[in-house]
>>> print(open('model35.tsv').read())   # TSV, C-alpha atoms and all ligand atoms
chain	number	residue	atom	x	y	z
A	740	MET	CA	42.65	154.42	100.76
A	741	THR	CA	40.91	152.61	97.91
A	742	LEU	CA	38.66	153.86	95.15
A	743	THR	CA	35.84	151.55	96.21
A	744	GLY	CA	32.52	153.34	96.62
A	745	ARG	CA	33.92	156.78	95.75
A	746	HIS	CA	32.45	159.41	93.42
A	747	LEU	CA	34.54	160.88	90.61
A	748	ILE	CA	33.44	164.44	89.85
A	749	SER	CA	36.70	166.38	89.58
A	750	ILE	CA	40.15	165.19	88.59
A	751	ASN	CA	41.19	166.50	92.01
A	752	ASP	CA	39.05	163.79	93.62
A	753	LEU	CA	41.94	161.46	92.74
A	754	SER	CA	45.50	161.61	94.00
A	755	ASN	CA	48.37	161.15	91.52
A	756	GLU	CA	48.90	157.64	92.88
A	757	GLU	CA	45.23	156.81	92.29
A	758	ILE	CA	45.42	158.13	88.71
A	759	GLU	CA	48.48	155.94	88.17
A	760	LEU	CA	46.56	152.98	89.56
A	761	VAL	CA	43.68	153.59	87.10
A	762	ILE	CA	46.24	153.71	84.27
A	763	GLU	CA	47.90	150.49	85.47
A	764	ILE	CA	44.58	148.61	85.66
A	765	ALA	CA	43.56	150.12	82.29
A	766	ASP	CA	46.68	148.54	80.81
A	767	GLN	CA	45.55	145.13	82.08
A	768	MET	CA	42.06	145.74	80.68
A	769	HIS	CA	43.59	146.80	77.36
A	770	SER	CA	45.53	143.53	77.13
A	771	ALA	CA	42.41	141.53	77.98
A	772	LEU	CA	40.51	143.39	75.23
A	773	GLU	CA	43.27	142.63	72.74
A	774	ARG	CA	43.00	138.95	73.66
A	775	LYS	CA	39.23	139.31	73.07
A	776	GLU	CA	38.51	138.01	76.56
A	777	GLN	CA	35.03	138.38	78.03
A	778	LEU	CA	35.61	139.41	81.63
A	779	HIS	CA	33.33	138.69	84.57
A	780	TYR	CA	34.43	141.25	87.15
A	781	CYS	CA	31.03	142.94	87.06
A	782	ASP	CA	28.70	139.95	86.75
A	783	GLY	CA	25.45	140.92	88.47
A	784	LYS	CA	26.33	144.64	88.62
A	785	GLU	CA	24.41	147.39	86.87
A	786	LEU	CA	25.57	150.70	85.43
A	787	TYR	CA	23.05	153.50	84.87
A	788	THR	CA	24.07	156.19	82.39
A	789	ILE	CA	22.00	159.37	82.44
A	790	PHE	CA	22.98	162.02	79.89
A	791	TYR	CA	21.28	165.43	79.69
A	792	GLU	CA	23.60	166.47	76.85
A	793	ALA	CA	24.65	164.94	73.55
A	794	SER	CA	27.41	162.33	73.61
A	795	THR	CA	28.97	159.85	71.20
A	796	ARG	CA	32.11	158.63	72.93
A	797	THR	CA	31.65	159.08	76.66
A	798	ARG	CA	28.33	157.30	77.04
A	799	SER	CA	29.01	154.51	74.58
A	800	SER	CA	32.52	153.79	75.88
A	801	PHE	CA	31.22	153.60	79.45
A	802	GLU	CA	28.48	151.23	78.33
A	803	THR	CA	30.87	149.12	76.25
A	804	ALA	CA	33.24	149.04	79.22
A	805	MET	CA	30.51	147.70	81.52
A	806	HIS	CA	29.45	145.05	78.96
A	807	ARG	CA	33.08	143.94	78.56
A	808	LEU	CA	33.29	143.59	82.34
A	809	GLY	CA	30.26	141.29	82.34
A	810	GLY	CA	27.85	143.81	83.85
A	811	THR	CA	24.55	145.20	82.59
A	812	VAL	CA	23.61	148.74	81.57
A	813	VAL	CA	20.54	150.94	81.66
A	814	SER	CA	21.11	153.69	79.14
A	815	HIS	CA	19.20	156.94	79.51
A	816	ALA	CA	20.07	159.36	76.71
A	817	GLU	CA	18.45	162.74	76.02
A	818	ALA	CA	17.36	162.86	79.65
A	819	GLN	CA	16.57	166.58	79.30
A	820	THR	CA	13.45	165.59	77.34
A	821	THR	CA	12.87	161.93	78.23
A	822	SER	CA	13.23	162.03	82.03
A	823	SER	CA	10.92	163.62	84.58
A	824	VAL	CA	13.21	166.64	84.56
A	825	ALA	CA	10.99	167.67	81.64
A	826	LYS	CA	8.13	167.77	84.20
A	827	GLY	CA	10.19	169.79	86.67
A	828	GLU	CA	11.89	167.08	88.74
A	829	ASN	CA	15.20	168.11	90.26
A	830	ILE	CA	18.64	166.47	90.25
A	831	ALA	CA	18.50	165.38	93.92
A	832	ASP	CA	15.19	163.52	93.54
A	833	THR	CA	16.33	161.97	90.27
A	834	VAL	CA	19.44	160.40	91.83
A	835	ARG	CA	17.60	159.34	94.98
A	836	VAL	CA	15.41	157.22	92.72
A	837	LEU	CA	18.08	155.97	90.29
A	838	GLU	CA	20.31	154.77	93.14
A	839	LYS	CA	17.66	152.12	93.78
A	840	TYR	CA	18.06	150.76	90.25
A	841	ALA	CA	21.83	150.47	89.81
A	842	ASP	CA	25.21	149.98	91.50
A	843	ILE	CA	27.00	152.88	89.83
A	844	MET	CA	25.91	155.86	87.74
A	845	VAL	CA	27.48	158.06	85.07
A	846	MET	CA	25.89	161.48	84.65
A	847	ARG	CA	26.44	164.25	82.10
A	848	HIS	CA	24.60	167.52	82.66
A	849	PRO	CA	24.82	171.04	81.18
A	850	LEU	CA	25.11	172.91	84.50
A	851	ASP	CA	28.47	173.55	86.17
A	852	GLY	CA	28.61	171.70	89.48
A	853	SER	CA	25.54	169.55	88.68
A	854	THR	CA	27.34	166.23	89.06
A	855	ARG	CA	28.77	167.28	92.45
A	856	LEU	CA	25.25	168.13	93.58
A	857	ALA	CA	24.07	164.73	92.32
A	858	ALA	CA	26.89	162.97	94.19
A	859	ASP	CA	26.00	164.79	97.40
A	860	HIS	CA	22.52	163.20	97.23
A	861	SER	CA	23.50	159.72	96.07
A	862	GLN	CA	24.11	156.50	98.00
A	863	ILE	CA	25.79	154.91	94.96
A	864	PRO	CA	29.00	156.16	93.31
A	865	ILE	CA	28.51	158.82	90.66
A	866	ILE	CA	31.03	159.37	87.90
A	867	SER	CA	30.80	162.66	86.05
A	868	GLY	CA	30.62	162.40	82.27
A	869	GLY	CA	31.03	166.19	82.12
A	870	ASP	CA	29.26	169.04	83.94
A	871	GLY	CA	28.70	172.14	81.81
A	872	SER	CA	31.96	173.87	81.05
A	873	HIS	CA	33.43	172.84	84.39
A	874	GLU	CA	35.20	169.44	84.27
A	875	HIS	CA	35.39	166.11	82.46
A	876	PRO	CA	37.61	163.94	84.67
A	877	THR	CA	37.26	160.62	82.84
A	878	GLN	CA	38.27	162.24	79.55
A	879	THR	CA	41.40	163.35	81.38
A	880	LEU	CA	42.12	159.82	82.55
A	881	LEU	CA	42.01	158.58	78.97
A	882	ASP	CA	44.00	161.60	77.76
A	883	LEU	CA	46.74	160.81	80.28
A	884	TYR	CA	46.61	157.15	79.26
A	885	THR	CA	47.02	158.24	75.62
A	886	ILE	CA	50.04	160.43	76.40
A	887	LYS	CA	51.62	157.53	78.31
A	888	GLU	CA	50.92	155.10	75.47
A	889	GLU	CA	52.17	157.45	72.77
A	890	LYS	CA	55.06	159.18	74.58
A	891	GLY	CA	55.89	156.84	77.48
A	892	ASN	CA	55.76	159.62	80.07
A	893	ILE	CA	53.87	162.73	81.19
A	894	LYS	CA	56.49	164.49	83.31
A	895	GLY	CA	58.53	166.98	81.31
A	896	MET	CA	56.26	166.89	78.22
A	897	ASN	CA	55.35	170.23	76.66
A	898	VAL	CA	51.63	169.98	75.93
A	899	ALA	CA	49.88	172.64	73.83
A	900	LEU	CA	46.20	173.14	74.66
A	901	CYS	CA	44.57	174.77	71.63
A	902	GLY	CA	41.06	176.13	71.22
A	903	ASP	CA	38.23	177.16	73.51
A	904	LEU	CA	39.99	176.85	76.84
A	905	ARG	CA	37.33	178.88	78.61
A	906	HIS	CA	34.25	176.73	77.97
A	907	GLY	CA	36.00	173.43	77.18
A	908	ARG	CA	35.65	171.15	80.20
A	909	THR	CA	38.12	168.54	78.95
A	910	VAL	CA	41.02	171.00	79.04
A	911	HIS	CA	40.11	172.19	82.55
A	912	SER	CA	40.56	168.75	84.08
A	913	LEU	CA	43.50	167.97	81.80
A	914	ALA	CA	45.46	171.16	82.52
A	915	VAL	CA	45.29	170.51	86.26
A	916	ALA	CA	46.34	166.88	85.86
A	917	LEU	CA	49.22	167.78	83.54
A	918	ALA	CA	50.46	170.33	86.05
A	919	ARG	CA	50.24	167.77	88.85
A	920	PHE	CA	52.30	165.30	86.83
A	921	GLY	CA	54.99	167.87	85.99
A	922	ALA	CA	54.19	168.66	82.35
A	923	GLU	CA	54.76	172.10	80.80
A	924	ILE	CA	51.68	173.76	79.25
A	925	THR	CA	51.46	176.04	76.19
A	926	CYS	CA	48.00	177.56	75.66
A	927	ILE	CA	46.79	178.76	72.27
A	928	ALA	CA	43.33	180.27	72.66
A	929	PRO	CA	41.49	183.07	70.84
A	930	GLU	CA	41.06	186.28	72.83
A	931	GLY	CA	38.38	185.83	75.53
A	932	PHE	CA	38.69	182.04	75.40
A	933	GLU	CA	41.67	181.65	77.72
A	934	LEU	CA	41.72	179.35	80.75
A	935	PRO	CA	39.44	180.51	83.60
A	936	ASP	CA	40.89	181.95	86.82
A	937	HIS	CA	40.46	178.87	88.98
A	938	ILE	CA	42.48	176.72	86.56
A	939	ARG	CA	45.12	179.41	86.20
A	940	ASN	CA	45.40	179.61	90.01
A	941	ALA	CA	45.70	175.84	90.27
A	942	LEU	CA	48.50	175.78	87.68
A	943	LYS	CA	50.28	178.46	89.67
A	944	ASP	CA	49.89	176.42	92.87
A	945	TYR	CA	51.45	173.41	91.14
A	946	LYS	CA	54.27	175.65	89.82
A	947	CYS	CA	53.47	174.68	86.26
A	948	LYS	CA	55.40	176.40	83.46
A	949	LEU	CA	52.65	178.08	81.41
A	950	THR	CA	53.06	180.03	78.13
A	951	GLU	CA	50.06	181.60	76.39
A	952	TYR	CA	49.36	182.70	72.82
A	953	LYS	CA	46.25	184.07	71.17
A	954	SER	CA	46.29	182.34	67.83
A	955	LEU	CA	48.05	179.92	65.61
A	956	GLU	CA	47.32	181.23	62.17
A	957	ASP	CA	47.25	179.09	59.08
A	958	VAL	CA	49.97	179.16	56.50
A	959	ASP	CA	48.90	181.82	54.04
A	960	SER	CA	49.21	181.49	50.29
A	961	GLU	CA	52.91	182.45	50.32
A	962	GLY	CA	53.59	179.96	53.06
A	963	SER	CA	54.35	182.53	55.75
A	964	LEU	CA	53.05	182.07	59.24
A	965	ALA	CA	52.08	184.37	62.04
A	966	ILE	CA	51.36	183.96	65.69
A	967	HIS	CA	50.01	186.57	68.06
A	968	HIS	CA	51.56	186.45	71.47
A	969	SER	CA	49.06	187.27	74.20
A	970	LYS	CA	51.33	190.02	75.51
A	971	GLY	CA	51.46	191.89	72.20
A	972	LYS	CA	50.25	191.96	68.66
A	973	GLU	CA	53.58	191.31	66.96
A	974	ARG	CA	53.67	188.98	64.00
A	975	HIS	CA	56.34	186.36	64.04
A	976	GLN	CA	57.63	184.78	60.92
A	977	GLU	CA	58.12	181.18	60.04
A	978	GLY	CA	61.22	180.88	62.18
A	979	PHE	CA	59.21	181.51	65.30
A	980	MET	CA	56.53	179.01	64.34
A	981	ASN	CA	59.19	176.43	63.71
A	982	PHE	CA	60.69	177.26	67.09
A	983	LEU	CA	57.32	176.82	68.79
A	984	LEU	CA	56.27	173.63	67.03
A	985	GLU	CA	59.72	172.12	67.50
A	986	ARG	CA	59.20	172.36	71.28
A	987	LEU	CA	55.76	170.79	71.48
A	988	ASP	CA	55.46	167.10	72.34
A	989	VAL	CA	51.66	167.02	72.31
A	990	LEU	CA	49.19	169.27	70.48
A	991	TYR	CA	45.75	168.91	72.09
A	992	PHE	CA	43.01	170.56	70.03
A	993	THR	CA	39.46	171.32	71.10
A	994	ARG	CA	36.47	172.76	69.26
A	995	LEU	CA	34.81	176.07	70.04
A	996	GLN	CA	31.99	175.17	72.44
A	997	ARG	CA	29.38	177.19	70.55
A	998	GLU	CA	26.45	175.82	72.57
A	999	ARG	CA	27.94	177.58	75.62
A	1000	PHE	CA	28.60	180.95	73.93
A	1001	SER	CA	27.01	184.25	74.83
A	1002	SER	CA	25.61	186.09	71.79
A	1003	ARG	CA	28.68	188.41	71.77
A	1004	GLU	CA	31.06	185.48	71.72
A	1005	ALA	CA	29.10	183.89	68.89
A	1006	THR	CA	29.73	186.82	66.56
A	1007	GLU	CA	33.25	187.86	67.56
A	1008	THR	CA	35.18	184.63	67.45
A	1009	ASP	CA	37.75	183.77	64.83
A	1010	GLN	CA	37.22	180.05	64.54
A	1011	GLU	CA	40.13	179.55	62.15
A	1012	SER	CA	42.75	181.04	64.45
A	1013	TYR	CA	44.11	177.75	65.73
A	1014	ARG	CA	43.52	175.30	62.90
A	1015	ILE	CA	46.07	172.57	62.24
A	1016	ASN	CA	46.70	171.37	58.70
A	1017	LYS	CA	49.36	169.63	56.61
A	1018	GLN	CA	51.68	172.63	56.50
A	1019	LEU	CA	51.77	173.06	60.26
A	1020	LEU	CA	52.18	169.35	60.70
A	1021	ALA	CA	55.21	169.49	58.41
A	1022	MET	CA	56.84	171.86	60.89
A	1023	SER	CA	55.95	169.78	63.95
A	1024	ARG	CA	58.24	167.21	65.47
A	1025	GLU	CA	58.37	163.75	63.99
A	1026	ASP	CA	57.45	162.35	67.40
A	1027	ALA	CA	54.72	164.90	68.18
A	1028	VAL	CA	51.27	163.59	69.09
A	1029	ILE	CA	48.08	165.26	67.86
A	1030	MET	CA	45.15	164.74	70.23
A	1031	HIS	CA	41.52	165.89	70.31
A	1032	PRO	CA	38.68	164.77	72.62
A	1033	LEU	CA	36.37	164.96	69.56
A	1034	PRO	CA	34.00	165.96	68.05
A	1035	ARG	CA	36.10	168.11	65.68
A	1036	ILE	CA	34.67	170.97	63.69
A	1037	ASN	CA	37.17	173.14	61.75
A	1038	GLU	CA	40.22	173.08	63.96
A	1039	LEU	CA	41.61	169.80	62.64
A	1040	ALA	CA	41.93	169.49	58.85
A	1041	TYR	CA	40.91	166.07	57.52
A	1042	GLU	CA	44.29	165.73	55.80
A	1043	VAL	CA	45.86	165.40	59.29
A	1044	ASP	CA	44.07	162.04	59.76
A	1045	GLN	CA	46.51	160.23	57.45
A	1046	ASP	CA	49.53	161.22	59.53
A	1047	LYS	CA	50.87	158.70	62.05
A	1048	ARG	CA	51.03	161.48	64.64
A	1049	ALA	CA	47.24	161.86	64.58
A	1050	ALA	CA	46.30	160.00	67.76
A	1051	TYR	CA	42.70	161.15	68.27
A	1052	PHE	CA	40.94	157.98	67.12
A	1053	ARG	CA	43.33	155.82	69.14
A	1054	GLN	CA	42.64	158.20	72.05
A	1055	ALA	CA	38.86	157.68	71.73
A	1056	GLY	CA	39.48	153.90	71.68
A	1057	TYR	CA	41.38	154.04	74.98
A	1058	GLY	CA	38.15	155.27	76.56
A	1059	VAL	CA	37.01	151.66	76.89
A	1060	PRO	CA	39.93	150.13	78.89
A	1061	VAL	CA	40.28	153.27	81.01
A	1062	ARG	CA	36.58	153.30	81.89
A	1063	MET	CA	36.66	149.54	82.52
A	1064	ALA	CA	39.45	150.13	85.03
A	1065	LEU	CA	37.56	152.94	86.69
A	1066	ILE	CA	34.27	151.05	86.99
A	1067	ALA	CA	36.05	147.95	88.33
A	1068	LEU	CA	38.03	149.95	90.89
A	1069	ILE	CA	35.02	151.96	92.08
A	1070	LEU	CA	32.91	148.82	92.38
A	1071	GLY	CA	35.79	147.18	94.25
A	1072	VAL	CA	35.84	144.11	92.00
A	1073	VAL	CA	39.53	144.13	91.03
A	1074	GLN	CA	42.36	143.44	93.40
A	1075	ALA	CA	44.30	146.64	93.88
A	1076	LYS	CA	46.63	147.60	96.67
A	1077	PRO	CA	45.50	150.67	98.62
A	1078	VAL	CA	47.34	153.77	97.47
A	1079	ARG	CA	47.85	157.22	98.91
A	1080	GLY	CA	44.64	159.04	99.63
A	1081	VAL	CA	42.20	161.52	98.23
A	1082	ARG	CA	43.44	164.81	96.96
A	1083	THR	CA	41.19	167.60	98.17
A	1084	VAL	CA	41.17	171.34	97.91
A	1085	PRO	CA	43.74	172.62	100.40
A	1086	GLY	CA	42.46	174.26	103.55
A	1087	LYS	CA	39.19	173.86	105.39
A	1088	LEU	CA	35.83	172.35	104.43
A	1089	PRO	CA	33.55	174.49	102.25
A	1090	GLU	CA	31.39	176.95	104.17
A	1091	GLU	CA	27.92	178.38	103.72
A	1092	ILE	CA	28.23	182.16	103.84
A	1093	PRO	CA	24.88	183.85	104.56
A	1094	GLY	CA	23.72	186.01	101.69
A	1095	VAL	CA	26.50	184.96	99.31
A	1096	THR	CA	25.58	183.22	96.06
A	1097	CYS	CA	27.81	182.06	93.22
A	1098	SER	CA	28.24	184.66	90.48
A	1099	ASN	CA	28.51	182.02	87.75
A	1100	GLU	CA	25.05	182.10	86.14
A	1101	HIS	CA	25.55	178.50	84.95
A	1102	CYS	CA	26.34	177.21	88.44
A	1103	VAL	CA	23.87	174.56	89.57
A	1104	THR	CA	23.25	176.47	92.82
A	1105	ASN	CA	21.62	179.28	90.82
A	1106	ILE	CA	19.17	176.91	89.14
A	1107	GLU	CA	18.34	174.14	91.63
A	1108	GLY	CA	16.71	176.12	94.43
A	1109	TYR	CA	17.40	173.61	97.26
A	1110	ALA	CA	21.17	173.60	96.58
A	1111	THR	CA	22.95	175.67	99.21
A	1112	PRO	CA	25.93	177.60	97.84
A	1113	LYS	CA	29.18	176.73	99.65
A	1114	PHE	CA	32.62	178.23	99.26
A	1115	TYR	CA	36.27	177.66	100.00
A	1116	ARG	CA	38.19	180.67	101.26
A	1117	ASP	CA	41.31	181.32	99.20
A	1118	PRO	CA	44.32	181.34	101.55
A	1119	HIS	CA	46.15	183.76	99.20
A	1120	ASP	CA	43.26	186.22	98.76
A	1121	PRO	CA	40.76	186.88	101.59
A	1122	GLN	CA	38.36	188.55	99.11
A	1123	ALA	CA	38.12	185.44	96.95
A	1124	LEU	CA	35.57	182.69	97.56
A	1125	LYS	CA	35.83	179.59	95.40
A	1126	CYS	CA	32.51	177.84	94.73
A	1127	TYR	CA	32.45	174.27	96.06
A	1128	TYR	CA	30.29	173.17	93.11
A	1129	CYS	CA	31.70	174.95	90.05
A	1130	ASP	CA	35.09	176.29	91.30
A	1131	TRP	CA	34.19	179.78	90.05
A	1132	VAL	CA	36.28	182.39	91.84
A	1133	ASN	CA	33.85	184.90	93.39
A	1134	LYS	CA	35.25	188.20	94.56
A	1135	ARG	CA	33.71	189.58	97.77
A	1136	ILE	CA	33.14	193.29	97.84
A	1137	ASP	CA	31.47	193.50	101.24
A	1138	GLN	CA	34.52	192.81	103.41
B	1201	LIG	C1	33.93	166.49	74.86
B	1201	LIG	C2	32.87	166.91	75.83
B	1201	LIG	O1	31.72	166.46	75.78
B	1201	LIG	O2	33.22	167.72	76.69
B	1201	LIG	N1	33.68	165.31	74.17
B	1201	LIG	C3	34.00	164.13	74.77
B	1201	LIG	O3	33.52	163.79	75.82
B	1201	LIG	N2	34.88	163.36	74.14
B	1201	LIG	C4	34.43	167.57	74.00
B	1201	LIG	C5	33.45	168.43	73.24
B	1201	LIG	O4	32.25	168.27	73.29
B	1201	LIG	O5	33.96	169.31	72.55
>>> encode(input="model35.tsv", output="structure tokens")
Amino acid sequence: MTLTGRHLISINDLSNEEIELVIEIADQMHSALERKEQLHYCDGKELYTIFYEASTRTRSSFETAMHRLGGTVVSHAEAQTTSSVAKGENIADTVRVLEKYADIMVMRHPLDGSTRLAADHSQIPIISGGDGSHEHPTQTLLDLYTIKEEKGNIKGMNVALCGDLRHGRTVHSLAVALARFGAEITCIAPEGFELPDHIRNALKDYKCKLTEYKSLEDVDSEGSLAIHHSKGKERHQEGFMNFLLERLDVLYFTRLQRERFSSREATETDQESYRINKQLLAMSREDAVIMHPLPRINELAYEVDQDKRAAYFRQAGYGVPVRMALIALILGVVQAKPVRGVRTVPGKLPEEIPGVTCSNEHCVTNIEGYATPKFYRDPHDPQALKCYYCDWVNKRIDQ
């Protein structure tokens, strides 16, 4: 199996071997970039980027990647207002037109499952640049590349995922990938912002060791620390914080995704509950790595930037070689040996179930009228139907 001509919508569209191949080719691209070589793998090829949501890193690193590979780019930002979507055009028609203009497309869209729907209607490969709060697979590829660069390995690492784990799409793809590569996961998320069910179930399937906490409070004026364990409200003193931080190899922070909040969430959230600053850094391991997909808001104090463990700007930089590797592999322009095949959701193909719709109000099937909802049956729970587009676990009550 090769990556040529394939879509990348979910991190589970790639097998572990394929992820390793992307990382290996990214290494070669990284070296070429360091030698300031202009590559010609993509001479005569065109990348179309269409973004219906704001972006600084994802869109520009994809575009830089294509330029470095010798290809050309059509860049369509703010598509929510500047494309015919503003006149009522749907996703399917949009991609059926854009496929005529380019060889490969990157799409970011605010609806969960939107990029899968786009891929289902496209003759050219579509790479997701993030779909709502669902997934962000290419961010995960560069996150894994960063962990490898900084720590040498992924297996056996204890990675803390801190922040809005419910709406944050980067951590959804990353948690699954970490579990698949044998990392341990520690979650630190404010109440109500924990990982969604489908990610939790996936981690269970991969037998991932998962520990969860509700907050990582700042050092108070006397220098004491507290952490609320999700199973109780007990306050732990500094010794416990030391114990926790001493065990973490990677601290991966994310912002609260306020644009995806309900009005209740907007008023009830303690945005300071997982902030990292100098004092917490002082208790972390000397070889810890601090990561963040960016943009940061309050969760990462500026004073952390000076520390050698702060890897987030290096991480953003790795977006270019990783995306170069991905584009080159999908366009089939680099020599790569075939590796073991596509990883898919276990069990049968998704089914249409008459009368059943997805209960996630942000699922693309609830907005784009022509999109037929499809579900996977959960082998462990006959009442559960997992949406093919957004992975939302729907519970059936009529059986
Ligand atoms: C993230 C995204 O868009 O999901 N940014 C990124 O791609 N680096 C994270 C975020 O917006 O918080």
>>> residues_around(input="model35.tsv", residues="segment 895-909 of chain A", least_positions_apart="6", cutoff="6 Å", atoms="all atoms listed in the file", output="VMD selection string")
chain A and resid 872 to 875 921 to 928 932 to 935 987 to 993 995
>>> atom_distance(input="model35.tsv", atom1="atom CA of Lys1017 of chain A", atom2="atom CA of Gly891 of chain A")
25.3 Å
>>> closest_residue(input="model35.tsv", among="A:Ala831, A:Leu1124, A:Met1030, A:Ala804", to="ligand LIG 1201 (chain B)", atoms="all atoms listed in the file")
A:Met1030
>>> residues_near_ligand(input="model35.tsv", ligand="ligand LIG 1201 (chain B)", cutoff="6 Å", atoms="all atoms listed in the file", output="list in words")
Arg796, Thr797, Arg908, Thr909, Arg994, Pro1032, Leu1033 and Pro1034 of chain A
>>> closest_residue(input="model35.tsv", among="A:Thr1104, A:Glu792, A:Val845, A:Ile1066", to="Thr821 of chain A", atoms="only C-alpha atoms")
A:Glu792
>>> residues_around(input="model35.tsv", residues="segment 853-865 of chain A", least_positions_apart="2", cutoff="10 Å", atoms="all atoms listed in the file", output="NGL selection string")
:A and (743-749 or 787-788 or 829-851 or 867-871 or 873-874 or 1066 or 1069-1070 or 1101-1104 or 1106-1107 or 1110-1111 or 1127-1129)
>>> write_last_selection(input="model35.tsv", atoms="C-alpha atoms", output="compact mmCIF listing (two decimals), in the coordinates of the input")
# COMPACT_ATOMS: atom_id res chain seq x y z
CA THR A 743 35.84 151.55 96.21
CA GLY A 744 32.52 153.34 96.62
CA ARG A 745 33.92 156.78 95.75
CA HIS A 746 32.45 159.41 93.42
CA LEU A 747 34.54 160.88 90.61
CA ILE A 748 33.44 164.44 89.85
CA SER A 749 36.70 166.38 89.58
CA TYR A 787 23.05 153.50 84.87
CA THR A 788 24.07 156.19 82.39
CA ASN A 829 15.20 168.11 90.26
CA ILE A 830 18.64 166.47 90.25
CA ALA A 831 18.50 165.38 93.92
CA ASP A 832 15.19 163.52 93.54
CA THR A 833 16.33 161.97 90.27
CA VAL A 834 19.44 160.40 91.83
CA ARG A 835 17.60 159.34 94.98
CA VAL A 836 15.41 157.22 92.72
CA LEU A 837 18.08 155.97 90.29
CA GLU A 838 20.31 154.77 93.14
CA LYS A 839 17.66 152.12 93.78
CA TYR A 840 18.06 150.76 90.25
CA ALA A 841 21.83 150.47 89.81
CA ASP A 842 25.21 149.98 91.50
CA ILE A 843 27.00 152.88 89.83
CA MET A 844 25.91 155.86 87.74
CA VAL A 845 27.48 158.06 85.07
CA MET A 846 25.89 161.48 84.65
CA ARG A 847 26.44 164.25 82.10
CA HIS A 848 24.60 167.52 82.66
CA PRO A 849 24.82 171.04 81.18
CA LEU A 850 25.11 172.91 84.50
CA ASP A 851 28.47 173.55 86.17
CA SER A 867 30.80 162.66 86.05
CA GLY A 868 30.62 162.40 82.27
CA GLY A 869 31.03 166.19 82.12
CA ASP A 870 29.26 169.04 83.94
CA GLY A 871 28.70 172.14 81.81
CA HIS A 873 33.43 172.84 84.39
CA GLU A 874 35.20 169.44 84.27
CA ILE A 1066 34.27 151.05 86.99
CA ILE A 1069 35.02 151.96 92.08
CA LEU A 1070 32.91 148.82 92.38
CA HIS A 1101 25.55 178.50 84.95
CA CYS A 1102 26.34 177.21 88.44
CA VAL A 1103 23.87 174.56 89.57
CA THR A 1104 23.25 176.47 92.82
CA ILE A 1106 19.17 176.91 89.14
CA GLU A 1107 18.34 174.14 91.63
CA ALA A 1110 21.17 173.60 96.58
CA THR A 1111 22.95 175.67 99.21
CA TYR A 1127 32.45 174.27 96.06
CA TYR A 1128 30.29 173.17 93.11
CA CYS A 1129 31.70 174.95 90.05
>>> atom_distance(input="model35.tsv", atom1="atom CA of Val1028 of chain A", atom2="atom CA of Glu889 of chain A")
7.2 Å
>>> atom_distance(input="model35.tsv", atom1="atom CA of Arg986 of chain A", atom2="atom CA of Ser1023 of chain A")
8.4 Å
